[in-house]
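Engineer: I am attaching a structure below and will ask some questions about it afterwards.
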Amino acid sequence: MFKLELNPYVSRIQDHKDIIVTYPTDADPEYIQFDDMSLPVVVDIGCGAGNFLRDYALKCPQFNYVGIELRFKRLVKGAEKFKKHHINNIRLIQTRAEDIDKWFRFGSVAEININFPDPWPKRRQQKHRLLKTEYLRKLRELLEKERHLIFKSDHQEYFFNVNKLIKQCEFFEIIEYTESLHQSEFNENNIPTEFELLFKNKGMPVYYLRAAVK
């Protein structure tokens with residue numbers, strides 16, 4: 001049970017039940033409802049306070065969007081942004097990224113975005129990394145055929161490791177790849193995250209790939 005006295009944003013979730021779905025009581029795929037259920041679904045894993053989802057939805061209203069985030073404050077801040085911009089095609093799930101398969105049916109997702117996950121850079125920490133072979137398999141099962149997984153990182157070693165895992169597992173085919181996103185041909189259609197803008201302003205490279213389900 002969540003302790004309200006330790007996190008005041010827990011109670012504020014109730015003000016946004018039309019957008020935020022909480023775990024585990026609402027863990028039912030039928031519970032995530034949109035005005036138009038026929039639209040393809042785009043998922044943002046670790047959506048933070050929702051800037052990426054907001055900008056994506058404003059640019060491409062032809063999708064439904066689902067953000068996955070564990071922290072209550074970020075969920076509330078995101079919901080407030082979407083309401084301010086009158087965006088009705090975004091839902092947020094309060095859950096761990098590892099539990100994504102409890103929320104979506106096999107082959108029901110059009111696109112999955114993983115933007116700047118924690119790289120756990122020290123060797124003893126790397127067991128905590130999100131993107132491993134078993135997780136890639138899970139994502140592949142959720143994605144529709146020929147749909148896409150998009151990964152961005154500022155951490156070179158982690159990016160190279162994920163690229164290697166994707167090639168080894170043979171669930172996906174990498175169709176776009178760059179080690180300097182903002183200097184590449186892919187930047188034109190790129191939607192930056194909060195972290196990404198910080199890296200860009202500091203002149204740091206952003207690593208990017210798009211992989212299609214085989």
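Naming works like this for the structure tokens: A, B, ... for the chains as they're shown, residue 1 at the start of each chain, ligands 1 onward in shown order.
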Could you give me, as number ranges by chain, each residue of segment 42-210 of chain A that DSSP assigns to helix (DSSP H, G or I) when run on this structure's backbone?

Structural biologist: A: 51-59, 72-84, 97-102, 123-128, 133-142, 156-169, 181-183, 185-189, 194-201

Engineer: Find the residues around segment 99-114 of chain A up to 7 Å (only C-alpha atoms counted), leave out those fewer than 3 positions away in its own chain, and share them as a PDB file with N, CA, C and O atoms, in the first residue's frame.

Structural biologist:
```
ATOM      1  N   ALA A  27      -4.765  -3.601 -13.539  1.00  0.00           N
ATOM      2  CA  ALA A  27      -3.950  -4.339 -14.519  1.00  0.00           C
ATOM      3  C   ALA A  27      -4.817  -5.237 -15.389  1.00  0.00           C
ATOM      4  O   ALA A  27      -4.851  -6.444 -15.262  1.00  0.00           O
ATOM      5  N   ASP A  28      -5.523  -4.620 -16.290  1.00  0.00           N
ATOM      6  CA  ASP A  28      -6.394  -5.318 -17.220  1.00  0.00           C
ATOM      7  C   ASP A  28      -6.319  -4.561 -18.543  1.00  0.00           C
ATOM      8  O   ASP A  28      -6.613  -3.363 -18.586  1.00  0.00           O
ATOM      9  N   PRO A  29      -5.908  -5.210 -19.633  1.00  0.00           N
ATOM     10  CA  PRO A  29      -5.778  -4.504 -20.910  1.00  0.00           C
ATOM     11  C   PRO A  29      -7.044  -3.763 -21.317  1.00  0.00           C
ATOM     12  O   PRO A  29      -6.970  -2.723 -21.972  1.00  0.00           O
ATOM     13  N   PRO A  40      -3.500   2.915 -33.861  1.00  0.00           N
ATOM     14  CA  PRO A  40      -2.297   2.178 -33.413  1.00  0.00           C
ATOM     15  C   PRO A  40      -1.765   2.767 -32.108  1.00  0.00           C
ATOM     16  O   PRO A  40      -1.917   3.966 -31.846  1.00  0.00           O
ATOM     17  N   VAL A  41      -1.121   1.916 -31.316  1.00  0.00           N
ATOM     18  CA  VAL A  41      -0.639   2.320 -29.999  1.00  0.00           C
ATOM     19  C   VAL A  41       0.873   2.501 -30.002  1.00  0.00           C
ATOM     20  O   VAL A  41       1.612   1.603 -30.408  1.00  0.00           O
ATOM     21  N   VAL A  42       1.323   3.653 -29.520  1.00  0.00           N
ATOM     22  CA  VAL A  42       2.738   3.952 -29.325  1.00  0.00           C
ATOM     23  C   VAL A  42       3.014   3.966 -27.830  1.00  0.00           C
ATOM     24  O   VAL A  42       2.298   4.616 -27.066  1.00  0.00           O
ATOM     25  N   VAL A  43       4.063   3.263 -27.397  1.00  0.00           N
ATOM     26  CA  VAL A  43       4.397   3.167 -25.984  1.00  0.00           C
ATOM     27  C   VAL A  43       5.728   3.848 -25.713  1.00  0.00           C
ATOM     28  O   VAL A  43       6.682   3.698 -26.482  1.00  0.00           O
ATOM     29  N   ASP A  44       5.787   4.606 -24.626  1.00  0.00           N
ATOM     30  CA  ASP A  44       7.028   5.226 -24.162  1.00  0.00           C
ATOM     31  C   ASP A  44       7.356   4.643 -22.799  1.00  0.00           C
ATOM     32  O   ASP A  44       6.641   4.893 -21.824  1.00  0.00           O
ATOM     33  N   ILE A  45       8.418   3.851 -22.724  1.00  0.00           N
ATOM     34  CA  ILE A  45       8.818   3.198 -21.472  1.00  0.00           C
ATOM     35  C   ILE A  45       9.732   4.138 -20.685  1.00  0.00           C
ATOM     36  O   ILE A  45      10.782   4.539 -21.167  1.00  0.00           O
ATOM     37  N   THR A  95       3.586   1.684 -13.258  1.00  0.00           N
ATOM     38  CA  THR A  95       4.090   0.324 -13.114  1.00  0.00           C
ATOM     39  C   THR A  95       5.571   0.281 -13.445  1.00  0.00           C
ATOM     40  O   THR A  95       6.134   1.247 -13.962  1.00  0.00           O
ATOM     41  N   ARG A  96       6.200  -0.825 -13.159  1.00  0.00           N
ATOM     42  CA  ARG A  96       7.591  -1.040 -13.506  1.00  0.00           C
ATOM     43  C   ARG A  96       7.700  -1.384 -14.992  1.00  0.00           C
ATOM     44  O   ARG A  96       6.842  -2.066 -15.542  1.00  0.00           O
ATOM     45  N   PRO A 117      17.397   5.156 -20.893  1.00  0.00           N
ATOM     46  CA  PRO A 117      17.255   4.401 -19.639  1.00  0.00           C
ATOM     47  C   PRO A 117      18.548   4.441 -18.850  1.00  0.00           C
ATOM     48  O   PRO A 117      19.623   4.702 -19.402  1.00  0.00           O
ATOM     49  N   LYS A 138      10.457 -10.111 -24.909  1.00  0.00           N
ATOM     50  CA  LYS A 138       9.157  -9.670 -24.406  1.00  0.00           C
ATOM     51  C   LYS A 138       8.586  -8.542 -25.272  1.00  0.00           C
ATOM     52  O   LYS A 138       7.402  -8.547 -25.639  1.00  0.00           O
ATOM     53  N   GLU A 141       7.334  -9.726 -28.681  1.00  0.00           N
ATOM     54  CA  GLU A 141       6.032 -10.386 -28.622  1.00  0.00           C
ATOM     55  C   GLU A 141       4.880  -9.385 -28.552  1.00  0.00           C
ATOM     56  O   GLU A 141       3.787  -9.665 -29.026  1.00  0.00           O
ATOM     57  N   LEU A 142       5.130  -8.221 -27.983  1.00  0.00           N
ATOM     58  CA  LEU A 142       4.078  -7.218 -27.856  1.00  0.00           C
ATOM     59  C   LEU A 142       3.882  -6.420 -29.136  1.00  0.00           C
ATOM     60  O   LEU A 142       2.787  -5.935 -29.414  1.00  0.00           O
ATOM     61  N   LEU A 143       4.944  -6.297 -29.930  1.00  0.00           N
ATOM     62  CA  LEU A 143       4.880  -5.493 -31.145  1.00  0.00           C
ATOM     63  C   LEU A 143       4.198  -6.228 -32.288  1.00  0.00           C
ATOM     64  O   LEU A 143       4.344  -7.444 -32.449  1.00  0.00           O
ATOM     65  N   GLU A 144       3.463  -5.472 -33.089  1.00  0.00           N
ATOM     66  CA  GLU A 144       2.885  -6.024 -34.303  1.00  0.00           C
ATOM     67  C   GLU A 144       4.013  -6.348 -35.290  1.00  0.00           C
ATOM     68  O   GLU A 144       5.110  -5.798 -35.202  1.00  0.00           O
ATOM     69  N   ARG A 147       6.595  -3.804 -37.007  1.00  0.00           N
ATOM     70  CA  ARG A 147       6.553  -2.553 -36.250  1.00  0.00           C
ATOM     71  C   ARG A 147       7.890  -2.339 -35.536  1.00  0.00           C
ATOM     72  O   ARG A 147       8.782  -3.178 -35.611  1.00  0.00           O
ATOM     73  N   HIS A 148       8.014  -1.229 -34.796  1.00  0.00           N
ATOM     74  CA  HIS A 148       9.345  -0.753 -34.446  1.00  0.00           C
ATOM     75  C   HIS A 148       9.624  -0.603 -32.953  1.00  0.00           C
ATOM     76  O   HIS A 148       8.753  -0.227 -32.169  1.00  0.00           O
ATOM     77  N   LEU A 149      10.877  -0.858 -32.615  1.00  0.00           N
ATOM     78  CA  LEU A 149      11.467  -0.536 -31.324  1.00  0.00           C
ATOM     79  C   LEU A 149      12.490   0.563 -31.561  1.00  0.00           C
ATOM     80  O   LEU A 149      13.358   0.441 -32.425  1.00  0.00           O
ATOM     81  N   ILE A 150      12.393   1.660 -30.787  1.00  0.00           N
ATOM     82  CA  ILE A 150      13.300   2.791 -30.937  1.00  0.00           C
ATOM     83  C   ILE A 150      14.057   2.985 -29.624  1.00  0.00           C
ATOM     84  O   ILE A 150      13.445   3.018 -28.552  1.00  0.00           O
ATOM     85  N   PHE A 151      15.362   3.113 -29.724  1.00  0.00           N
ATOM     86  CA  PHE A 151      16.206   3.222 -28.538  1.00  0.00           C
ATOM     87  C   PHE A 151      17.160   4.384 -28.709  1.00  0.00           C
ATOM     88  O   PHE A 151      17.841   4.506 -29.723  1.00  0.00           O
ATOM     89  N   LYS A 152      17.209   5.251 -27.683  1.00  0.00           N
ATOM     90  CA  LYS A 152      18.160   6.359 -27.664  1.00  0.00           C
ATOM     91  C   LYS A 152      18.921   6.339 -26.345  1.00  0.00           C
ATOM     92  O   LYS A 152      18.355   6.028 -25.296  1.00  0.00           O
TER      93      LYS A 152
END
```

Engineer: With only C-alpha atoms as the counted atoms, please give the residues lying no more than 9 Å from Leu181 of chain A, apart from itself and same-chain residues fewer than 4 positions off, as a VMD selection string.

Structural biologist: chain A and resid 152 177 185 to 187 190 205 to 208

Engineer: Please save C-alpha atoms of the selected residues as a PDB file, in the first residue's frame.

Structural biologist:
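Below you can see selection_18.pdb, which holds the result:
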```
ATOM      1  CA  LYS A 152      18.160   6.359 -27.664  1.00  0.00           C
ATOM      2  CA  TYR A 177      21.357   3.584 -36.826  1.00  0.00           C
ATOM      3  CA  GLU A 185      19.540  12.368 -41.482  1.00  0.00           C
ATOM      4  CA  PHE A 186      17.237  10.981 -38.773  1.00  0.00           C
ATOM      5  CA  ASN A 187      17.221  14.202 -36.784  1.00  0.00           C
ATOM      6  CA  ASN A 190      13.336  13.227 -34.141  1.00  0.00           C
ATOM      7  CA  PRO A 205      26.429  12.794 -28.866  1.00  0.00           C
ATOM      8  CA  VAL A 206      23.127  10.961 -28.745  1.00  0.00           C
ATOM      9  CA  TYR A 207      23.087   7.352 -29.974  1.00  0.00           C
ATOM     10  CA  TYR A 208      19.996   6.169 -31.816  1.00  0.00           C
TER      11      TYR A 208
END
```

Engineer: Please provide as JSON, numbers by chain all residues within 7 Å of segment 79-91 of chain A, with the sequence filter that same-chain residues fewer than 6 positions apart are discarded (counting only C-alpha atoms).

Structural biologist: {"A": [16, 19, 20, 34, 54, 64, 65, 66, 67]}

Engineer: Write out as a list in words each polymer residue whose atoms come within 12 Å of Leu197 of chain A, counting only C-alpha atoms; drop sequence neighbours fewer than 3 positions from it.

Structural biologist: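 What passes the distance filter is Asn51, Phe52, Phe116, Asp154, Leu181, His182, Asn190, Ile191, Pro192, Thr193, Glu194, Lys200, Asn201, Lys202, Gly203, Met204, Pro205 and Val206 of chain A.
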